[in-house]
Amino acid sequence: MNDLKATRGTMAFLSPSETLAIAAKAKALKAAGENVCAMGAGEPDFDTPAHIKQAAVDALMRGETKYTPSSGIPALKRAVAEKFLNDNGFKVEPGQVIVSPGAKFSGFATICTLCGPGDEVIVPAPYWVSYTEMIKAAGATAVIVKCRAENNYELEPEQLQAAITPRTKLLILNSPSNPTGAVYRTSTIEKIAEIALKNNIMVMSDEIYEKLVYDPEFQHKSIASVSPEMNELTITINGFSKAYSMPGWRLGYLAAPKWLADRIIAFQSHTTSNPTSFAQYGALAALTGTQEPVEQMRQAFAKRRDLIYSLISAIPGIKTIRPSGAFYLFFDVSSFGLNSTDFVNRLLEEEKVAGVPGKAFGDDHSLRVSYACSEETIREAAARIARFCEKLSR
């Protein structure tokens, strides 16, 4: 008789998300009555703006509860295309736009429809935890290129060129970055585009944090806007969870060259059918309505960024860069003699501060904390981290 437990599907080798695991552990400790500084999860602590929620409620009440086109309702696709033109400076047709159940799924669908066994995908490290698992699911090979904190964690053009082989199909670019908060300089984006064009490789540009940037010298630049030729080699991924504080709505979107967009639409039609119908009307209100809540949230995060950086960077033994985007601080703790997993586990057990080990992001010397929390939590967490580091240094 077959041993069913010994069988393995093609996607049975994926590892659970460490960011979600840490968040679950922190929630369990809180439920048990512990005073936990939860700084693991990557979601804004602001509520979804009222006009967005109301648009979804109105859609639900008028009966927008049926299947929609697999790639999203036409009005939302048009709004996304207009957003790319007005905000990011490149042109796509609505037929190139695909609305999905989350930007994570947009990335997964892109990699699985573009790459397969024998293909290589270049991934700058530190990287978001899910990229390498998505590549593994597609049967492709991740080529990890370690980036330097001294260079703002940007992929250097020389590193990119050296990593390209005849099997290279795709480069993953994430700016602003999760986990480092780094925002690529325009000059670097332009050099990367030049190399991609020269070698005819695609770029998947994850821009989910584009609205959360804080420094004039580090403004977001979409690589698809460099030239019409680069636009034809780019898949631009974005979503509503960060800028509009809609993580639980599970709505993302992408724009891709028409030939690849058609593949992704087919893939999505056989996996998720379509994004949630009434939620798409909330997303439409997010793009076409007032952007004031986005700016208010950005200003709040900028203030918290300054606070957490000043407190954590002052702790002896810790090394970090000042993040220019997103809502994370990524810092090196290698001087304390622990790997990132042991550091994070002991920090949670002894001081009740929840971060995410850098090992999940391809850097076992560091950890990530989120400042999507109150200033009070930031101050308390920083004090606990300082106390923990002092104990380790004795």
# chains A, B, ... in the order shown; residues from 1 in each chain; ligands from 1
>>> residues_around(residues="Tyr153 of chain A", least_positions_apart="3", cutoff="10 Å", atoms="only C-alpha atoms", output="count of residues only")
16
>>> residues_around(residues="Ser205 of chain A", least_positions_apart="2", cutoff="8 Å", atoms="only C-alpha atoms", output="JSON, numbers by chain")
{"A": [172, 173, 174, 175, 203, 207, 222, 223, 234, 235, 236, 237]}
>>> write_last_selection(atoms="C-alpha atoms", output="short mmCIF file (atom, residue, chain, number, x, y, z; two decimals), in the first residue's frame")
data_model
loop_
_atom_site.label_atom_id
_atom_site.label_comp_id
_atom_site.auth_asym_id
_atom_site.auth_seq_id
_atom_site.Cartn_x
_atom_site.Cartn_y
_atom_site.Cartn_z
CA ILE A 172 13.97 40.80 -8.60
CA LEU A 173 14.18 44.43 -7.54
CA ASN A 174 12.54 45.68 -4.33
CA SER A 175 12.65 49.39 -3.60
CA VAL A 203 12.96 42.66 -14.03
CA GLU A 207 7.10 48.62 -5.39
CA SER A 222 10.11 52.90 -11.13
CA ILE A 223 12.55 51.08 -13.39
CA THR A 234 9.51 45.00 -16.55
CA ILE A 235 6.80 43.51 -14.38
CA THR A 236 5.79 46.18 -11.87
CA ILE A 237 4.09 44.86 -8.74
#
>>> closest_residue(among="A:Leu329, A:Thr288, A:Ile315, A:Asn345", to="Cys389 of chain A", atoms="only C-alpha atoms")
A:Ile315
>>> closest_residue(among="A:Cys373, A:Ala193, A:Leu347, A:Leu60", to="Ala224 of chain A", atoms="only C-alpha atoms")
A:Ala193
>>> atom_distance(atom1="atom CA of Lys359 of chain A", atom2="atom CA of Val123 of chain A")
14.7 Å
>>> residues_around(residues="segment 34-42 of chain A", least_positions_apart="5", cutoff="7 Å", atoms="only C-alpha atoms", output="list of chain:residue names")
A:Thr19, A:Leu20, A:Ile22, A:Ala23, A:Ala26, A:Leu29, A:Lys352, A:Val353, A:Ala354, A:Gly355, A:Val356, A:Val369, A:Ser370, A:Tyr371, A:Thr377, A:Ala381
>>> closest_residue(among="A:Val294, A:Ala142, A:Val226, A:Leu171", to="Thr186 of chain A", atoms="only C-alpha atoms")
A:Val226
>>> closest_residue(among="A:Gly252, A:Gly239, A:Gly325, A:Gly102", to="Lys303 of chain A", atoms="only C-alpha atoms")
A:Gly325
>>> closest_residue(among="A:Arg8, A:Ala279, A:Asp332, A:Glu390", to="Ala56 of chain A", atoms="only C-alpha atoms")
A:Ala279
>>> residues_around(residues="Asn199 of chain A", least_positions_apart="4", cutoff="9 Å", atoms="only C-alpha atoms", output="VMD selection string")
chain A and resid 161 164 194 to 195
>>> write_last_selection(atoms="C-alpha atoms", output="short mmCIF file (atom, residue, chain, number, x, y, z; two decimals), in the first residue's frame")
data_model
loop_
_atom_site.label_atom_id
_atom_site.label_comp_id
_atom_site.auth_asym_id
_atom_site.auth_seq_id
_atom_site.Cartn_x
_atom_site.Cartn_y
_atom_site.Cartn_z
CA GLN A 161 26.65 41.85 -14.47
CA ILE A 164 24.17 37.03 -15.16
CA GLU A 194 21.09 49.48 -18.87
CA ILE A 195 22.43 46.06 -17.89
#
>>> closest_residue(among="A:Ser277, A:Asn152, A:Ser310, A:Asn238", to="Met61 of chain A", atoms="only C-alpha atoms")
A:Ser277
>>> residues_around(residues="segment 83-99 of chain A", least_positions_apart="4", cutoff="9 Å", atoms="only C-alpha atoms", output="PDB file with N, CA and C atoms, in the first residue's frame")
ATOM      1  N   SER A  70     -11.336  37.605 -14.447  1.00  0.00           N
ATOM      2  CA  SER A  70     -10.222  37.029 -13.687  1.00  0.00           C
ATOM      3  C   SER A  70      -9.178  38.065 -13.308  1.00  0.00           C
ATOM      4  N   SER A  71      -8.914  39.023 -14.180  1.00  0.00           N
ATOM      5  CA  SER A  71      -7.853  40.004 -13.939  1.00  0.00           C
ATOM      6  C   SER A  71      -8.356  41.284 -13.275  1.00  0.00           C
ATOM      7  N   GLY A  72      -9.642  41.297 -12.857  1.00  0.00           N
ATOM      8  CA  GLY A  72     -10.165  42.458 -12.159  1.00  0.00           C
ATOM      9  C   GLY A  72     -11.218  43.210 -12.943  1.00  0.00           C
ATOM     10  N   ILE A  73     -11.982  44.035 -12.235  1.00  0.00           N
ATOM     11  CA  ILE A  73     -13.040  44.797 -12.893  1.00  0.00           C
ATOM     12  C   ILE A  73     -12.405  45.860 -13.797  1.00  0.00           C
ATOM     13  N   PRO A  74     -13.014  46.152 -14.943  1.00  0.00           N
ATOM     14  CA  PRO A  74     -12.415  47.104 -15.897  1.00  0.00           C
ATOM     15  C   PRO A  74     -12.123  48.473 -15.303  1.00  0.00           C
ATOM     16  N   LEU A  76     -11.288  49.337 -12.275  1.00  0.00           N
ATOM     17  CA  LEU A  76     -10.103  49.302 -11.429  1.00  0.00           C
ATOM     18  C   LEU A  76      -8.839  49.140 -12.272  1.00  0.00           C
ATOM     19  N   LYS A  77      -8.902  48.343 -13.310  1.00  0.00           N
ATOM     20  CA  LYS A  77      -7.740  48.172 -14.193  1.00  0.00           C
ATOM     21  C   LYS A  77      -7.390  49.490 -14.885  1.00  0.00           C
ATOM     22  N   ARG A  78      -8.413  50.230 -15.293  1.00  0.00           N
ATOM     23  CA  ARG A  78      -8.157  51.543 -15.907  1.00  0.00           C
ATOM     24  C   ARG A  78      -7.525  52.488 -14.888  1.00  0.00           C
ATOM     25  N   ALA A  79      -8.017  52.453 -13.653  1.00  0.00           N
ATOM     26  CA  ALA A  79      -7.477  53.326 -12.609  1.00  0.00           C
ATOM     27  C   ALA A  79      -6.023  52.985 -12.304  1.00  0.00           C
ATOM     28  N   ALA A 103      -0.506  41.398  -3.412  1.00  0.00           N
ATOM     29  CA  ALA A 103       0.735  41.589  -4.171  1.00  0.00           C
ATOM     30  C   ALA A 103       1.630  40.363  -4.082  1.00  0.00           C
ATOM     31  N   SER A 106       0.665  38.256  -6.827  1.00  0.00           N
ATOM     32  CA  SER A 106       1.156  38.836  -8.087  1.00  0.00           C
ATOM     33  C   SER A 106       2.588  38.395  -8.350  1.00  0.00           C
ATOM     34  N   HIS A 220      11.376  57.500  -4.678  1.00  0.00           N
ATOM     35  CA  HIS A 220      11.101  56.262  -5.412  1.00  0.00           C
ATOM     36  C   HIS A 220      11.187  56.484  -6.924  1.00  0.00           C
ATOM     37  N   LYS A 221      11.814  55.531  -7.612  1.00  0.00           N
ATOM     38  CA  LYS A 221      11.926  55.559  -9.069  1.00  0.00           C
ATOM     39  C   LYS A 221      11.535  54.196  -9.621  1.00  0.00           C
ATOM     40  N   SER A 222      10.512  54.146 -10.477  1.00  0.00           N
ATOM     41  CA  SER A 222      10.107  52.904 -11.133  1.00  0.00           C
ATOM     42  C   SER A 222      11.039  52.615 -12.292  1.00  0.00           C
ATOM     43  N   ALA A 224      10.538  50.785 -14.773  1.00  0.00           N
ATOM     44  CA  ALA A 224       9.800  50.771 -16.043  1.00  0.00           C
ATOM     45  C   ALA A 224       9.741  52.150 -16.683  1.00  0.00           C
ATOM     46  N   SER A 225       9.982  53.198 -15.884  1.00  0.00           N
ATOM     47  CA  SER A 225       9.905  54.561 -16.411  1.00  0.00           C
ATOM     48  C   SER A 225      11.203  55.016 -17.061  1.00  0.00           C
ATOM     49  N   VAL A 226      12.261  54.205 -16.993  1.00  0.00           N
ATOM     50  CA  VAL A 226      13.554  54.606 -17.543  1.00  0.00           C
ATOM     51  C   VAL A 226      13.467  54.791 -19.055  1.00  0.00           C
ATOM     52  N   SER A 227      12.759  53.890 -19.733  1.00  0.00           N
ATOM     53  CA  SER A 227      12.597  53.986 -21.182  1.00  0.00           C
ATOM     54  C   SER A 227      11.480  53.059 -21.621  1.00  0.00           C
ATOM     55  N   PRO A 228      10.873  53.295 -22.798  1.00  0.00           N
ATOM     56  CA  PRO A 228       9.857  52.365 -23.305  1.00  0.00           C
ATOM     57  C   PRO A 228      10.416  50.956 -23.478  1.00  0.00           C
ATOM     58  N   ASN A 231      10.436  49.343 -20.101  1.00  0.00           N
ATOM     59  CA  ASN A 231       9.050  49.034 -19.742  1.00  0.00           C
ATOM     60  C   ASN A 231       8.642  47.658 -20.283  1.00  0.00           C
ATOM     61  N   GLY A 239       0.343  47.138  -4.654  1.00  0.00           N
ATOM     62  CA  GLY A 239      -0.863  46.674  -3.978  1.00  0.00           C
ATOM     63  C   GLY A 239      -1.406  47.737  -3.045  1.00  0.00           C
ATOM     64  N   LEU A 251      -5.534  42.498  -1.750  1.00  0.00           N
ATOM     65  CA  LEU A 251      -5.641  43.028  -3.104  1.00  0.00           C
ATOM     66  C   LEU A 251      -4.292  43.587  -3.549  1.00  0.00           C
ATOM     67  N   GLY A 252      -3.786  43.060  -4.638  1.00  0.00           N
ATOM     68  CA  GLY A 252      -2.572  43.571  -5.243  1.00  0.00           C
ATOM     69  C   GLY A 252      -2.803  43.778  -6.725  1.00  0.00           C
ATOM     70  N   TYR A 253      -1.769  44.247  -7.426  1.00  0.00           N
ATOM     71  CA  TYR A 253      -1.895  44.403  -8.873  1.00  0.00           C
ATOM     72  C   TYR A 253      -0.510  44.422  -9.491  1.00  0.00           C
ATOM     73  N   LEU A 254      -0.490  44.195 -10.781  1.00  0.00           N
ATOM     74  CA  LEU A 254       0.763  44.254 -11.532  1.00  0.00           C
ATOM     75  C   LEU A 254       0.483  44.752 -12.937  1.00  0.00           C
ATOM     76  N   ALA A 255       1.557  45.194 -13.568  1.00  0.00           N
ATOM     77  CA  ALA A 255       1.534  45.506 -15.005  1.00  0.00           C
ATOM     78  C   ALA A 255       2.690  44.763 -15.638  1.00  0.00           C
ATOM     79  N   ALA A 256       2.434  44.139 -16.764  1.00  0.00           N
ATOM     80  CA  ALA A 256       3.447  43.342 -17.449  1.00  0.00           C
ATOM     81  C   ALA A 256       3.297  43.508 -18.948  1.00  0.00           C
ATOM     82  N   PRO A 257       4.336  43.186 -19.721  1.00  0.00           N
ATOM     83  CA  PRO A 257       4.176  43.146 -21.173  1.00  0.00           C
ATOM     84  C   PRO A 257       3.001  42.248 -21.533  1.00  0.00           C
ATOM     85  N   LYS A 258       2.299  42.568 -22.605  1.00  0.00           N
ATOM     86  CA  LYS A 258       1.039  41.884 -22.921  1.00  0.00           C
ATOM     87  C   LYS A 258       1.215  40.374 -23.034  1.00  0.00           C
ATOM     88  N   TRP A 259       2.329  39.922 -23.612  1.00  0.00           N
ATOM     89  CA  TRP A 259       2.509  38.484 -23.793  1.00  0.00           C
ATOM     90  C   TRP A 259       2.589  37.752 -22.452  1.00  0.00           C
ATOM     91  N   LEU A 260       3.217  38.405 -21.456  1.00  0.00           N
ATOM     92  CA  LEU A 260       3.314  37.781 -20.139  1.00  0.00           C
ATOM     93  C   LEU A 260       2.025  37.990 -19.345  1.00  0.00           C
ATOM     94  N   ALA A 261       1.410  39.149 -19.506  1.00  0.00           N
ATOM     95  CA  ALA A 261       0.137  39.400 -18.830  1.00  0.00           C
ATOM     96  C   ALA A 261      -0.896  38.343 -19.205  1.00  0.00           C
ATOM     97  N   ASP A 262      -0.923  37.952 -20.466  1.00  0.00           N
ATOM     98  CA  ASP A 262      -1.873  36.923 -20.901  1.00  0.00           C
ATOM     99  C   ASP A 262      -1.610  35.599 -20.184  1.00  0.00           C
ATOM    100  N   ILE A 264      -0.241  35.258 -17.192  1.00  0.00           N
ATOM    101  CA  ILE A 264      -0.593  35.426 -15.784  1.00  0.00           C
ATOM    102  C   ILE A 264      -2.105  35.387 -15.602  1.00  0.00           C
ATOM    103  N   ILE A 265      -2.835  36.004 -16.521  1.00  0.00           N
ATOM    104  CA  ILE A 265      -4.298  35.967 -16.442  1.00  0.00           C
ATOM    105  C   ILE A 265      -4.803  34.531 -16.512  1.00  0.00           C
ATOM    106  N   ASN A 274     -10.781  35.062  -9.359  1.00  0.00           N
ATOM    107  CA  ASN A 274     -10.729  36.518  -9.442  1.00  0.00           C
ATOM    108  C   ASN A 274     -10.535  37.105  -8.049  1.00  0.00           C
ATOM    109  N   PRO A 275     -10.089  38.351  -7.968  1.00  0.00           N
ATOM    110  CA  PRO A 275     -10.035  39.002  -6.654  1.00  0.00           C
ATOM    111  C   PRO A 275     -11.457  39.190  -6.125  1.00  0.00           C
ATOM    112  N   GLN A 280     -12.783  45.061  -4.577  1.00  0.00           N
ATOM    113  CA  GLN A 280     -12.203  45.811  -5.684  1.00  0.00           C
ATOM    114  C   GLN A 280     -12.777  47.221  -5.784  1.00  0.00           C
ATOM    115  N   LEU A 287      -7.667  54.445  -5.010  1.00  0.00           N
ATOM    116  CA  LEU A 287      -6.866  55.072  -6.059  1.00  0.00           C
ATOM    117  C   LEU A 287      -7.449  56.399  -6.534  1.00  0.00           C
ATOM    118  N   THR A 288      -8.757  56.484  -6.586  1.00  0.00           N
ATOM    119  CA  THR A 288      -9.397  57.663  -7.187  1.00  0.00           C
ATOM    120  C   THR A 288      -9.858  58.690  -6.165  1.00  0.00           C
TER     121      THR A 288
END
>>> select_by_dssp(residues="segment 213-321 of chain A", states="alpha helix (DSSP H)", output="ChimeraX atom specification")
/A:228-231,258-271,277-288,292-312
>>> residues_around(residues="segment 130-136 of chain A", least_positions_apart="6", cutoff="7 Å", atoms="only C-alpha atoms", output="VMD selection string")
chain A and resid 14 108 111 142
>>> residues_around(residues="His365 of chain A", least_positions_apart="5", cutoff="12 Å", atoms="only C-alpha atoms", output="PyMOL selection string")
chain A and resi 126+318-320+330-344+356-360
>>> select_by_dssp(residues="segment 36-272 of chain A", states="strand (DSSP E or B)", output="ChimeraX atom specification")
/A:37-38,97-100,120-125,141-146,168-174,202-206,213,234-239,252-255
>>> atom_distance(atom1="atom CA of Pro101 of chain A", atom2="atom CA of Glu229 of chain A")
28.8 Å
>>> atom_distance(atom1="atom CA of Ala162 of chain A", atom2="atom CA of Val145 of chain A")
9.7 Å
